Each structure stands twice: as structure tokens, then as C-alpha cells.
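Everything below belongs to final_32.cif, which stores mmCIF, C-alpha atoms.
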```cif
data_run
#
loop_
_atom_site.label_atom_id
_atom_site.label_comp_id
_atom_site.auth_asym_id
_atom_site.auth_seq_id
_atom_site.Cartn_x
_atom_site.Cartn_y
_atom_site.Cartn_z
CA MET A 1 159.94 26.47 13.28
CA VAL A 2 159.50 27.26 9.60
CA TYR A 3 156.86 29.42 7.96
CA PRO A 4 154.91 28.23 4.87
CA ILE A 5 154.65 30.41 1.77
CA VAL A 6 150.92 30.35 1.10
CA LYS A 7 151.02 32.50 -2.02
CA LYS A 8 153.64 34.11 -4.22
CA GLU A 9 153.15 36.46 -7.17
CA ALA A 10 155.18 38.94 -9.17
CA LEU A 11 153.78 42.48 -9.06
CA ASN A 12 156.25 43.80 -11.63
CA PRO A 13 159.57 42.56 -13.04
CA SER A 14 161.47 43.27 -9.80
CA VAL A 15 158.82 43.27 -7.06
CA CYS A 16 157.27 40.19 -5.47
CA ARG A 17 154.37 39.68 -3.07
CA MET A 18 154.38 36.74 -0.63
CA VAL A 19 151.73 35.63 1.81
CA ILE A 20 153.31 33.84 4.77
CA LYS A 21 151.56 31.64 7.32
CA ALA A 22 152.58 33.17 10.66
CA PRO A 23 149.60 33.15 13.07
CA LEU A 24 151.36 34.72 16.06
CA VAL A 25 152.66 37.61 13.95
CA ALA A 26 149.29 38.09 12.25
CA LYS A 27 147.55 38.22 15.63
CA LYS A 28 149.48 41.35 16.70
CA ALA A 29 150.39 43.03 13.38
CA GLN A 30 149.48 46.67 12.77
CA PRO A 31 150.10 49.09 9.87
CA GLY A 32 153.55 50.65 10.05
CA GLN A 33 155.22 47.68 11.69
CA PHE A 34 157.74 45.32 10.11
CA VAL A 35 159.11 41.80 10.28
CA ILE A 36 162.60 40.38 9.90
CA VAL A 37 162.80 37.46 7.48
CA ARG A 38 165.53 34.90 6.86
CA PRO A 39 164.84 32.90 3.70
CA LEU A 40 167.36 30.13 4.55
CA ALA A 41 169.20 29.06 7.69
CA ASP A 42 172.38 30.85 6.59
CA SER A 43 170.72 33.91 5.04
CA GLU A 44 171.09 37.49 6.16
CA ARG A 45 168.22 39.08 8.06
CA ILE A 46 165.88 41.09 5.82
CA PRO A 47 163.63 43.76 7.40
CA LEU A 48 160.34 44.06 5.48
CA THR A 49 157.32 46.16 6.30
CA ILE A 50 154.05 44.32 6.86
CA ALA A 51 152.05 45.03 3.70
CA ASP A 52 148.86 43.33 4.92
CA TYR A 53 147.64 40.73 7.39
CA ASP A 54 144.67 38.42 7.94
CA ARG A 55 144.16 37.52 11.57
CA ASP A 56 141.54 34.86 10.80
CA ALA A 57 143.74 33.10 8.25
CA GLY A 58 146.87 33.66 10.34
CA THR A 59 148.77 35.13 7.40
CA VAL A 60 151.03 38.13 6.85
CA THR A 61 151.75 39.67 3.45
CA ILE A 62 155.18 41.01 2.57
CA ILE A 63 156.20 42.84 -0.60
CA PHE A 64 159.85 43.14 -1.54
CA GLN A 65 162.04 44.38 -4.35
CA VAL A 66 164.76 42.04 -5.58
CA VAL A 67 167.81 44.25 -5.12
CA GLY A 68 170.44 42.24 -3.25
CA GLY A 69 171.63 38.82 -2.21
CA GLY A 70 169.07 38.29 0.54
CA THR A 71 166.05 39.29 -1.52
CA MET A 72 167.35 37.14 -4.40
CA GLN A 73 167.32 34.15 -2.06
CA LEU A 74 163.83 35.03 -0.88
CA ASP A 75 162.58 35.42 -4.44
CA ALA A 76 164.04 32.02 -5.35
CA LEU A 77 161.66 30.31 -2.90
CA ALA A 78 158.49 28.85 -4.40
CA GLU A 79 154.88 28.93 -3.34
CA GLY A 80 154.35 25.93 -1.07
CA GLY A 81 157.88 26.22 0.31
CA THR A 82 158.93 27.82 3.58
CA VAL A 83 161.05 30.61 4.99
CA GLU A 84 163.40 29.84 7.87
CA ASP A 85 162.58 32.79 10.16
CA PHE A 86 159.74 35.30 10.29
CA VAL A 87 160.08 37.51 13.37
CA GLY A 88 157.71 40.28 14.41
CA PRO A 89 155.80 42.44 14.53
CA LEU A 90 158.58 44.94 15.24
CA GLY A 91 158.57 48.72 15.43
CA LYS A 92 155.81 51.05 16.51
CA PRO A 93 152.41 50.99 14.74
CA SER A 94 151.20 53.99 12.75
CA HIS A 95 149.27 56.55 14.81
CA LEU A 96 146.12 56.99 12.72
CA GLU A 97 143.20 57.28 15.15
CA GLY A 98 141.41 60.62 15.15
CA LEU A 99 142.58 61.70 11.70
CA LYS A 100 139.74 62.90 9.46
CA LYS A 101 141.49 63.70 6.20
CA VAL A 102 144.89 62.42 5.16
CA ALA A 103 147.06 62.44 2.06
CA VAL A 104 149.04 59.21 1.72
CA VAL A 105 152.03 59.60 -0.60
CA GLY A 106 153.83 56.50 -1.86
CA GLY A 107 156.84 56.21 -4.13
CA GLY A 108 157.89 53.04 -5.95
CA VAL A 109 158.08 49.95 -3.76
CA GLY A 110 157.33 52.26 -0.82
CA CYS A 111 153.71 51.95 -1.94
CA ALA A 112 153.76 48.51 -0.32
CA ILE A 113 154.25 50.29 3.01
CA ALA A 114 151.84 53.12 2.23
CA TYR A 115 148.97 50.82 1.27
CA PRO A 116 148.25 49.33 4.73
CA VAL A 117 148.25 52.88 6.14
CA ALA A 118 145.70 53.99 3.55
CA LYS A 119 143.63 50.85 4.18
CA LYS A 120 143.56 51.39 7.95
CA LEU A 121 142.62 55.06 7.54
CA HIS A 122 139.77 54.03 5.24
CA GLN A 123 138.57 51.50 7.82
CA LEU A 124 138.63 54.22 10.47
CA GLY A 125 136.38 56.41 8.32
CA ALA A 126 138.93 59.02 7.27
CA VAL A 127 138.93 60.71 3.88
CA VAL A 128 141.97 59.30 2.09
CA HIS A 129 143.71 60.94 -0.85
CA SER A 130 146.38 58.61 -2.22
CA ILE A 131 149.18 59.93 -4.41
CA VAL A 132 151.51 57.31 -5.85
CA GLY A 133 154.55 57.70 -8.07
CA PHE A 134 156.59 55.35 -10.23
CA ARG A 135 159.29 55.76 -12.85
CA ALA A 136 157.14 54.14 -15.57
CA LYS A 137 153.92 52.20 -16.16
CA ASP A 138 155.55 48.76 -16.05
CA LEU A 139 156.64 49.36 -12.44
CA VAL A 140 153.18 50.19 -11.06
CA ILE A 141 152.01 48.04 -8.14
CA LEU A 142 148.86 47.83 -5.98
CA GLU A 143 146.74 50.15 -8.12
CA ASP A 144 143.49 48.26 -7.56
CA GLU A 145 144.19 47.95 -3.85
CA PHE A 146 144.80 51.68 -3.45
CA ARG A 147 141.75 52.65 -5.47
CA ALA A 148 139.55 50.47 -3.24
CA VAL A 149 140.53 52.41 -0.09
CA SER A 150 140.97 55.94 -1.51
CA ASP A 151 138.48 58.75 -1.94
CA GLU A 152 140.86 60.24 -4.47
CA TYR A 153 143.70 58.45 -6.24
CA VAL A 154 146.41 60.21 -8.24
CA MET A 155 148.93 58.27 -10.31
CA MET A 156 152.19 59.98 -11.30
CA THR A 157 154.97 58.63 -13.51
CA ASP A 158 158.33 60.20 -14.23
CA ASP A 159 158.05 59.54 -17.96
CA GLY A 160 154.30 60.15 -18.37
CA SER A 161 153.67 56.58 -19.55
CA TYR A 162 150.74 56.24 -17.11
CA GLY A 163 148.63 58.69 -15.14
CA GLU A 164 150.09 62.18 -15.01
CA LYS A 165 153.67 63.07 -15.83
CA GLY A 166 155.58 64.53 -12.93
CA LEU A 167 156.50 64.03 -9.30
CA VAL A 168 154.33 63.19 -6.32
CA THR A 169 155.19 66.60 -4.88
CA ASN A 170 153.57 68.23 -7.92
CA ALA A 171 150.32 66.36 -7.27
CA LEU A 172 150.39 66.99 -3.51
CA GLU A 173 150.99 70.72 -3.93
CA LYS A 174 148.13 70.92 -6.44
CA LEU A 175 145.72 69.22 -4.04
CA ILE A 176 146.74 71.50 -1.17
CA ASP A 177 146.44 74.61 -3.37
CA GLU A 178 142.96 73.47 -4.42
CA GLY A 179 141.88 73.88 -0.79
CA ASN A 180 142.28 70.41 0.64
CA GLN A 181 143.08 70.75 4.33
CA TYR A 182 144.84 67.63 5.53
CA ASP A 183 145.23 66.70 9.17
CA GLU A 184 148.40 64.94 8.13
CA VAL A 185 150.43 63.82 5.14
CA VAL A 186 152.02 60.36 5.35
CA ALA A 187 154.94 59.91 2.93
CA ILE A 188 156.67 56.60 2.28
CA GLY A 189 159.21 55.96 -0.46
CA PRO A 190 162.76 56.82 -1.49
CA LEU A 191 164.62 59.13 0.89
CA VAL A 192 164.88 61.91 -1.68
CA MET A 193 161.13 61.77 -2.30
CA MET A 194 160.33 61.94 1.41
CA LYS A 195 162.79 64.81 1.86
CA PHE A 196 160.99 66.96 -0.71
CA VAL A 197 157.51 65.97 0.46
CA ALA A 198 158.53 66.99 3.98
CA ALA A 199 159.92 70.30 2.71
CA LEU A 200 156.69 71.01 0.81
CA CYS A 201 154.56 70.23 3.85
CA GLN A 202 156.67 72.53 6.02
CA LYS A 203 156.16 75.31 3.48
CA LYS A 204 152.41 74.69 3.45
CA GLY A 205 152.10 74.30 7.21
CA VAL A 206 150.92 70.68 7.08
CA LYS A 207 152.05 67.97 9.51
CA VAL A 208 154.05 65.25 7.76
CA THR A 209 155.01 61.75 8.89
CA VAL A 210 157.62 59.69 7.07
CA SER A 211 158.58 56.01 7.32
CA MET A 212 162.34 55.49 7.58
CA ASN A 213 163.84 52.19 6.47
CA PRO A 214 167.62 52.34 6.89
CA VAL A 215 169.86 49.27 7.17
CA MET A 216 168.73 47.09 10.08
CA ILE A 217 170.46 44.03 11.51
CA ASP A 218 168.77 42.81 14.68
CA GLY A 219 165.63 44.95 14.79
CA THR A 220 165.95 45.58 18.54
CA GLY A 221 168.16 48.68 18.69
CA MET A 222 171.28 46.75 19.72
CA CYS A 223 173.40 47.10 16.57
CA GLY A 224 172.84 50.81 15.91
CA GLY A 225 172.85 50.32 12.15
CA CYS A 226 169.50 52.05 11.71
CA ARG A 227 170.34 55.20 13.64
CA LEU A 228 168.98 58.50 12.44
CA THR A 229 169.10 62.08 13.60
CA VAL A 230 165.62 63.35 14.41
CA GLY A 231 165.20 66.78 15.98
CA GLY A 232 168.93 66.90 16.64
CA GLU A 233 168.89 63.65 18.63
CA THR A 234 169.87 60.09 17.72
CA ARG A 235 166.95 57.74 17.16
CA PHE A 236 166.78 54.13 16.02
CA ALA A 237 164.29 53.31 13.27
CA CYS A 238 163.71 49.75 14.49
CA VAL A 239 162.53 50.65 18.01
CA ASP A 240 161.73 54.38 17.93
CA GLY A 241 160.09 54.20 14.49
CA PRO A 242 160.00 53.44 11.68
CA GLU A 243 157.69 56.49 11.48
CA PHE A 244 158.94 59.94 12.45
CA ASP A 245 157.94 63.60 12.13
CA GLY A 246 159.25 64.42 8.66
CA ALA A 247 159.97 68.02 9.63
CA LEU A 248 162.56 66.82 12.17
CA VAL A 249 164.43 64.16 10.18
CA ASP A 250 167.96 64.93 8.95
CA PHE A 251 167.44 63.56 5.45
CA ASP A 252 170.85 64.59 4.14
CA GLU A 253 172.56 62.47 6.79
CA ALA A 254 170.17 59.55 6.15
CA ILE A 255 170.83 59.71 2.41
CA GLN A 256 174.60 59.73 2.97
CA ARG A 257 174.42 56.76 5.38
CA SER A 258 172.26 54.79 2.93
CA THR A 259 175.20 54.50 0.53
CA ILE A 260 177.66 53.00 3.04
CA TYR A 261 176.93 49.35 2.27
CA ARG A 262 176.29 49.69 -1.45
CA SER A 263 179.53 48.02 -2.55
CA PHE A 264 179.06 45.15 -0.08
CA GLU A 265 175.52 44.59 -1.36
CA GLN A 266 176.80 44.54 -4.93
CA HIS A 267 179.27 41.76 -4.05
CA ALA A 268 176.56 39.79 -2.23
CA ARG A 269 174.26 40.10 -5.21
CA GLU A 270 176.95 38.86 -7.59
CA ASP A 271 177.81 35.92 -5.30
CA ASP A 272 174.17 34.86 -5.02
CA CYS A 273 173.69 35.13 -8.79
CA VAL A 274 176.48 32.59 -9.20
CA LEU A 275 175.05 30.26 -6.54
CA LEU A 276 171.54 30.40 -7.99
CA GLN A 277 172.83 29.68 -11.48
CA GLU A 278 174.78 26.68 -10.20
CA SER A 279 171.89 25.23 -8.20
#
```
Translate this structure into C-alpha cells?
Amino acid sequence: MVYPIVKKEALNPSVCRMVIKAPLVAKKAQPGQFVIVRPLADSERIPLTIADYDRDAGTVTIIFQVVGGGTMQLDALAEGGTVEDFVGPLGKPSHLEGLKKVAVVGGGVGCAIAYPVAKKLHQLGAVVHSIVGFRAKDLVILEDEFRAVSDEYVMMTDDGSYGEKGLVTNALEKLIDEGNQYDEVVAIGPLVMMKFVAALCQKKGVKVTVSMNPVMIDGTGMCGGCRLTVGGETRFACVDGPEFDGALVDFDEAIQRSTIYRSFEQHAREDDCVLLQES
């Protein structure tokens, strides 16, 4: 079975949004869950968080950054084409019911994961404060979508080219110090960003949830590639997460493990560049 690409668009120079026809996945999808995609029959498996879904249309939206061989192959596919495999939904859904006021913090392409959380909270009637951060203006994604589901929206850029200059932690601390009492902070983005958001929330006495996206192979807990230490115990992001209590995650270990396959990914990217140029 193959899965049609209903729509494809570039959100910035390195980030792409695809809408995939996958009725069975769309029927069960929830914010926080992910799918595993194989662009071609001989491609590697790519875990991607579900960015949106439409049960009536039977479609699932994925957003990915072109960083390695697999995502280069996925990005090379055209609207109207197909992907070989689209498996899911996998992982545990976000626990959002009962929350009245939440700060959703997204960093870079992690905003693609944060957006469906903010959207669901808005649908549930919660007050949503969205804080998003990017390196520069030309990398901003999903601004209109976030604004539509947020009671307050704060844009931060590292270089000050858009919104306010600074880090998402600066904006979050300011909102907390202004008297905003959040039931929970949900942080999704680079590991270093989530580490410091979690540290800030611990200092302020606010519950924090983070979405962990380490290397995954099978998505069922069999390979062990996505293992993390949470509260001193081993957990697997694909079946126990991907969301965890940020106060319990060993971020230093996760950051160290995230660099293990960097050289292999570099070789894969170079190999696929050659193949794409030849095709």
C-alpha cells in the first residue's frame, strides 16, 4: 500500500510541510503522537510527529526539516506522488484534558510539534500562551496557525530580526514574573532549549512537560535506540513517550547520545546528494 501526497509546500528554505492521505492513521491520530515514514522502498525509517490531521478528509500533516539522507529523499517527492510507508499513530498522546492555562514553548522546527498541542488546548477551552523561538526571521514557520489558537503569542529570534530579541526562556520567565500562573508548561524544541526551560520551570515551581525525539528505528521499543533516563530509570521515547516530565529527564545524557550518529548521517546526506544530482 502506498500513501498519496495530497499537498506539499516549503515553509522556509529547509522545512517542508506535506499532507498525506492515510485514513486509518487520521482516524486515530492525537496531538503528541508520531508516524514512521519511508519515502521509498529502500529508504530508512523516519519518525515524524503528527503536525495536524483531518479525520473527515483522511489526511495527516507532517512537517520535517531537510537534514539528512532520509529527509532529502522525502523532500525530493512531489505533490501527487506517494510515500512507500506511513505507519502510526505511535507513541502516547499528549495529556491535555483539565488544563486551564498553559504556556506552550516551541523552538525552531519543534514548533511543528508544539502547534497541534496548542491547537488541542484551544479546542478544549484552555487559555494558551504560545512562545516560539527561531534563529532568524527567514526560519519562522506556522506563525498564522499559532496566532489563531493562542490567547497570547510571543515571537523570539536570536538575532532580533523579528519579534523580540532573545531566548524563549527570557519570554517565559517574564510572563511568569508578570503573575501568569500556568497549570503546565509544554516545551518542544532542541534539547538544550528544553533543558533550560525545564530548569526555569523547576526554579519557578511550575510543572513542565517536554517532548523527546531521539533516534528511533522501529518505533516499538525493540531496538532501544531511543532510550532515555527519566527519574533515574530507563525509558523509551517511542513507547513510553515521547512526552515526559521535564524535571525528571537527564538532558545531559540525551544531548550526548544525540551526537552518536552524526558522522553516519553526514555520510548518508552526502551519498544522497550524489544520487539526487545523478537522477
For A:Lys120, work out the shell of residues within 12 Å, counting all atoms listed in the file and skipping chain neighbours fewer than 3 positions away, then give it as a PyMOL selection string. chain A and resi 30-32+51-53+93-99+102+104+113-117+123-128+146+148-150
Any chance you can output those residues with C-alpha atoms as a PDB file, in the frame of the given file?
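Listing of out-v1.pdb after writing:
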```
ATOM      1  CA  GLN A  30     149.480  46.670  12.770  1.00  0.00           C
ATOM      2  CA  PRO A  31     150.100  49.090   9.870  1.00  0.00           C
ATOM      3  CA  GLY A  32     153.550  50.650  10.050  1.00  0.00           C
ATOM      4  CA  ALA A  51     152.050  45.030   3.700  1.00  0.00           C
ATOM      5  CA  ASP A  52     148.860  43.330   4.920  1.00  0.00           C
ATOM      6  CA  TYR A  53     147.640  40.730   7.390  1.00  0.00           C
ATOM      7  CA  PRO A  93     152.410  50.990  14.740  1.00  0.00           C
ATOM      8  CA  SER A  94     151.200  53.990  12.750  1.00  0.00           C
ATOM      9  CA  HIS A  95     149.270  56.550  14.810  1.00  0.00           C
ATOM     10  CA  LEU A  96     146.120  56.990  12.720  1.00  0.00           C
ATOM     11  CA  GLU A  97     143.200  57.280  15.150  1.00  0.00           C
ATOM     12  CA  GLY A  98     141.410  60.620  15.150  1.00  0.00           C
ATOM     13  CA  LEU A  99     142.580  61.700  11.700  1.00  0.00           C
ATOM     14  CA  VAL A 102     144.890  62.420   5.160  1.00  0.00           C
ATOM     15  CA  VAL A 104     149.040  59.210   1.720  1.00  0.00           C
ATOM     16  CA  ILE A 113     154.250  50.290   3.010  1.00  0.00           C
ATOM     17  CA  ALA A 114     151.840  53.120   2.230  1.00  0.00           C
ATOM     18  CA  TYR A 115     148.970  50.820   1.270  1.00  0.00           C
ATOM     19  CA  PRO A 116     148.250  49.330   4.730  1.00  0.00           C
ATOM     20  CA  VAL A 117     148.250  52.880   6.140  1.00  0.00           C
ATOM     21  CA  GLN A 123     138.570  51.500   7.820  1.00  0.00           C
ATOM     22  CA  LEU A 124     138.630  54.220  10.470  1.00  0.00           C
ATOM     23  CA  GLY A 125     136.380  56.410   8.320  1.00  0.00           C
ATOM     24  CA  ALA A 126     138.930  59.020   7.270  1.00  0.00           C
ATOM     25  CA  VAL A 127     138.930  60.710   3.880  1.00  0.00           C
ATOM     26  CA  VAL A 128     141.970  59.300   2.090  1.00  0.00           C
ATOM     27  CA  PHE A 146     144.800  51.680  -3.450  1.00  0.00           C
ATOM     28  CA  ALA A 148     139.550  50.470  -3.240  1.00  0.00           C
ATOM     29  CA  VAL A 149     140.530  52.410  -0.090  1.00  0.00           C
ATOM     30  CA  SER A 150     140.970  55.940  -1.510  1.00  0.00           C
TER      31      SER A 150
END
```
Given only C-alpha atoms as the counted atoms, nearest of A:Cys238, A:Val154, A:Cys111, A:Met1 to A:Leu142: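 The answer is A:Cys111, which sits nearest to A:Leu142.
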Here's the selection I'm unsure about, the PyMOL selection byres ((chain A and resi 49) around 8); applied to the file above, which residues does it give, as a list in words?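 For this structure, the PyMOL selection byres ((chain A and resi 49) around 8) captures Gly32, Gln33, Phe34, Val35, Pro47, Leu48, Ile50, Ala51, Ile62, Ile63, Ala112 and Ile113 of chain A.
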Write the residues of the preceding selection, restricted to C-alpha atoms, as a short mmCIF file (atom, residue, chain, number, x, y, z; two decimals), in the frame of the given file.
```cif
data_model
loop_
_atom_site.label_atom_id
_atom_site.label_comp_id
_atom_site.auth_asym_id
_atom_site.auth_seq_id
_atom_site.Cartn_x
_atom_site.Cartn_y
_atom_site.Cartn_z
CA GLY A 32 153.55 50.65 10.05
CA GLN A 33 155.22 47.68 11.69
CA PHE A 34 157.74 45.32 10.11
CA VAL A 35 159.11 41.80 10.28
CA PRO A 47 163.63 43.76 7.40
CA LEU A 48 160.34 44.06 5.48
CA ILE A 50 154.05 44.32 6.86
CA ALA A 51 152.05 45.03 3.70
CA ILE A 62 155.18 41.01 2.57
CA ILE A 63 156.20 42.84 -0.60
CA ALA A 112 153.76 48.51 -0.32
CA ILE A 113 154.25 50.29 3.01
#
```
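Atom pair atom CA of A:Lys101 / atom CA of A:Glu152: separated by 11.2 Å.
Our summary of the geometry notes that atom CA of A:Ala76 is positioned 16.9 Å from atom CA of A:Thr61.
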Once the PyMOL selection byres ((chain A and resi 213) around 10) is applied to the coordinates I shared, what remains selected? I want it as a list in words.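 Expected selection for the PyMOL selection byres ((chain A and resi 213) around 10) here is Phe34, Pro47, Leu48, Thr49, Gly110, Ile188, Gly189, Pro190, Leu191, Val210, Ser211, Met212, Pro214, Val215, Met216, Cys226, Ala237, Cys238, Gly241, Pro242, Glu243, Ala254 and Ser258 of chain A.
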Show me, as a compact mmCIF listing (two decimals) with C-alpha atoms, in the coordinates of the input, the residues that have an atom within 12 Å of A:Asp159 when counting all atoms listed in the file, minus same-chain residues fewer than 4 positions from it.
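Contents of out_10.txt, as written:
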```
# COMPACT_ATOMS: atom_id res chain seq x y z
CA GLY A 133 154.55 57.70 -8.07
CA PHE A 134 156.59 55.35 -10.23
CA ARG A 135 159.29 55.76 -12.85
CA ALA A 136 157.14 54.14 -15.57
CA LYS A 137 153.92 52.20 -16.16
CA ASP A 138 155.55 48.76 -16.05
CA LEU A 139 156.64 49.36 -12.44
CA MET A 155 148.93 58.27 -10.31
CA GLY A 163 148.63 58.69 -15.14
CA GLU A 164 150.09 62.18 -15.01
CA LYS A 165 153.67 63.07 -15.83
CA GLY A 166 155.58 64.53 -12.93
CA LEU A 167 156.50 64.03 -9.30
```
Residues matched by the PyMOL selection byres ((chain A and resi 22) around 8) as JSON, numbers by chain: {"A": [3, 4, 20, 21, 23, 24, 25, 26, 58, 59, 60, 86]}
Atom CA of A:Ala29 to atom CA of A:Tyr153, straight-line distance in Å: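 Taking atom CA of A:Tyr153 and atom CA of A:Ala29, their separation equals 25.8 Å.
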Can you tell me, as a list in words, what residues are no more than 12 Å from A:Asp42 when counting all atoms listed in the file, ignoring any on the same chain fewer than 2 positions away? Val37, Arg38, Pro39, Leu40, Glu44, Arg45, Gly69, Gly70, Gln73, Val83, Glu84 and Asp85 of chain A
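Of the residues listed (A:Pro89, A:Gly246, A:Gly160, A:Gly107), A:Gly246 shows the shortest atom-to-atom separation from A:Ala198; distances use all atoms listed in the file.
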Could you pull out every residue with an atom within 10 Å of (159.2, 40.3, -10.3), file coordinates, counting only C-alpha atoms, and send them as a PyMOL selection string? chain A and resi 9-17+64-66+75+139
Between A:Val239, A:Met156, A:Leu90, A:Val168, which is the closest to A:Val192 once you count only C-alpha atoms? A:Val168
Using all atoms listed in the file: which of A:Gly88, A:Arg257, A:Leu175, A:Val109 has the shortest distance to A:Gly225: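 Of A:Gly88, A:Arg257, A:Leu175, A:Val109, the one nearest A:Gly225, counting all atoms listed in the file, is A:Arg257.
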Around stretch 40-59 of chain A, with edges along x, y and z and 6 Å added on all six sides, what centre and edge lengths do you get, in Å to one decimal, as lines of an AutoDock Vina configuration file?
```
center_x = 157.0
center_y = 37.6
center_z = 7.6
size_x = 42.8
size_y = 29.1
size_z = 19.9
```
Nearby residues (all atoms listed in the file) at most 10 Å from A:Gly231, same-chain spacing under 6 positions excluded, as a list in words: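 After dropping sequence-adjacent residues, the list is Phe244, Asp245, Gly246, Ala247, Leu248, Val249 and Asp250 of chain A.
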Which of A:Asp177, A:Ile141, A:Val2, A:Asp151 sits closest to A:Val87 [using all atoms listed in the file]: A:Val2
Tell me which protein, DNA and RNA residues are within 7 Å of A:Val105, counting all atoms listed in the file, leaving out same-chain ones fewer than 6 positions away, and put them as number ranges by chain. A: 130-132, 186-188
Please rebuild stretch 41-49 of chain A with all heavy atoms and return the result as a JSON list (two decimals), keeping the file's coordinate frame.
```json
[["chain", "number", "residue", "atom", "x", "y", "z"],
["A", 41, "ALA", "N", 168.55, 29.09, 6.38],
["A", 41, "ALA", "CA", 169.20, 29.06, 7.69],
["A", 41, "ALA", "C", 170.46, 29.91, 7.74],
["A", 41, "ALA", "O", 170.81, 30.45, 8.79],
["A", 41, "ALA", "CB", 169.53, 27.61, 8.06],
["A", 42, "ASP", "N", 171.15, 30.06, 6.61],
["A", 42, "ASP", "CA", 172.38, 30.85, 6.59],
["A", 42, "ASP", "C", 172.22, 32.19, 5.89],
["A", 42, "ASP", "O", 173.20, 32.85, 5.52],
["A", 42, "ASP", "CB", 173.51, 30.05, 5.92],
["A", 42, "ASP", "CG", 173.19, 29.68, 4.47],
["A", 42, "ASP", "OD1", 172.03, 29.88, 4.05],
["A", 42, "ASP", "OD2", 174.09, 29.18, 3.77],
["A", 43, "SER", "N", 170.99, 32.63, 5.72],
["A", 43, "SER", "CA", 170.72, 33.91, 5.04],
["A", 43, "SER", "C", 170.92, 35.09, 5.98],
["A", 43, "SER", "O", 170.87, 34.96, 7.21],
["A", 43, "SER", "CB", 169.29, 33.95, 4.51],
["A", 43, "SER", "OG", 169.05, 32.97, 3.55],
["A", 44, "GLU", "N", 171.09, 36.27, 5.39],
["A", 44, "GLU", "CA", 171.09, 37.49, 6.16],
["A", 44, "GLU", "C", 169.66, 37.80, 6.59],
["A", 44, "GLU", "O", 168.70, 37.29, 6.02],
["A", 44, "GLU", "CB", 171.65, 38.65, 5.33],
["A", 44, "GLU", "CG", 170.79, 39.01, 4.13],
["A", 44, "GLU", "CD", 171.37, 40.15, 3.30],
["A", 44, "GLU", "OE1", 172.49, 40.61, 3.61],
["A", 44, "GLU", "OE2", 170.71, 40.57, 2.35],
["A", 45, "ARG", "N", 169.54, 38.66, 7.60],
["A", 45, "ARG", "CA", 168.22, 39.08, 8.06],
["A", 45, "ARG", "C", 167.71, 40.20, 7.16],
["A", 45, "ARG", "O", 168.44, 41.15, 6.89],
["A", 45, "ARG", "CB", 168.29, 39.56, 9.50],
["A", 45, "ARG", "CG", 168.70, 38.50, 10.51],
["A", 45, "ARG", "CD", 168.92, 39.12, 11.88],
["A", 45, "ARG", "NE", 169.22, 38.11, 12.89],
["A", 45, "ARG", "CZ", 170.43, 37.65, 13.15],
["A", 45, "ARG", "NH1", 171.46, 38.10, 12.44],
["A", 45, "ARG", "NH2", 170.63, 36.75, 14.08],
["A", 46, "ILE", "N", 166.47, 40.09, 6.73],
["A", 46, "ILE", "CA", 165.88, 41.09, 5.82],
["A", 46, "ILE", "C", 164.69, 41.76, 6.51],
["A", 46, "ILE", "O", 163.67, 41.10, 6.78],
["A", 46, "ILE", "CB", 165.39, 40.44, 4.51],
["A", 46, "ILE", "CG1", 166.49, 39.59, 3.88],
["A", 46, "ILE", "CG2", 164.91, 41.51, 3.53],
["A", 46, "ILE", "CD1", 165.99, 38.74, 2.72],
["A", 47, "PRO", "N", 164.78, 43.06, 6.82],
["A", 47, "PRO", "CA", 163.63, 43.76, 7.40],
["A", 47, "PRO", "C", 162.63, 44.14, 6.30],
["A", 47, "PRO", "O", 163.02, 44.75, 5.29],
["A", 47, "PRO", "CB", 164.25, 44.99, 8.04],
["A", 47, "PRO", "CG", 165.49, 45.24, 7.25],
["A", 47, "PRO", "CD", 165.97, 43.92, 6.73],
["A", 48, "LEU", "N", 161.38, 43.76, 6.48],
["A", 48, "LEU", "CA", 160.34, 44.06, 5.48],
["A", 48, "LEU", "C", 159.08, 44.54, 6.19],
["A", 48, "LEU", "O", 158.63, 43.91, 7.15],
["A", 48, "LEU", "CB", 160.01, 42.81, 4.64],
["A", 48, "LEU", "CG", 161.13, 42.28, 3.75],
["A", 48, "LEU", "CD1", 160.76, 40.91, 3.21],
["A", 48, "LEU", "CD2", 161.40, 43.25, 2.60],
["A", 49, "THR", "N", 158.54, 45.64, 5.70],
["A", 49, "THR", "CA", 157.32, 46.16, 6.30],
["A", 49, "THR", "C", 156.15, 45.23, 6.02],
["A", 49, "THR", "O", 156.05, 44.63, 4.97],
["A", 49, "THR", "CB", 157.02, 47.56, 5.74],
["A", 49, "THR", "OG1", 158.12, 48.41, 6.05],
["A", 49, "THR", "CG2", 155.77, 48.14, 6.36]]
```
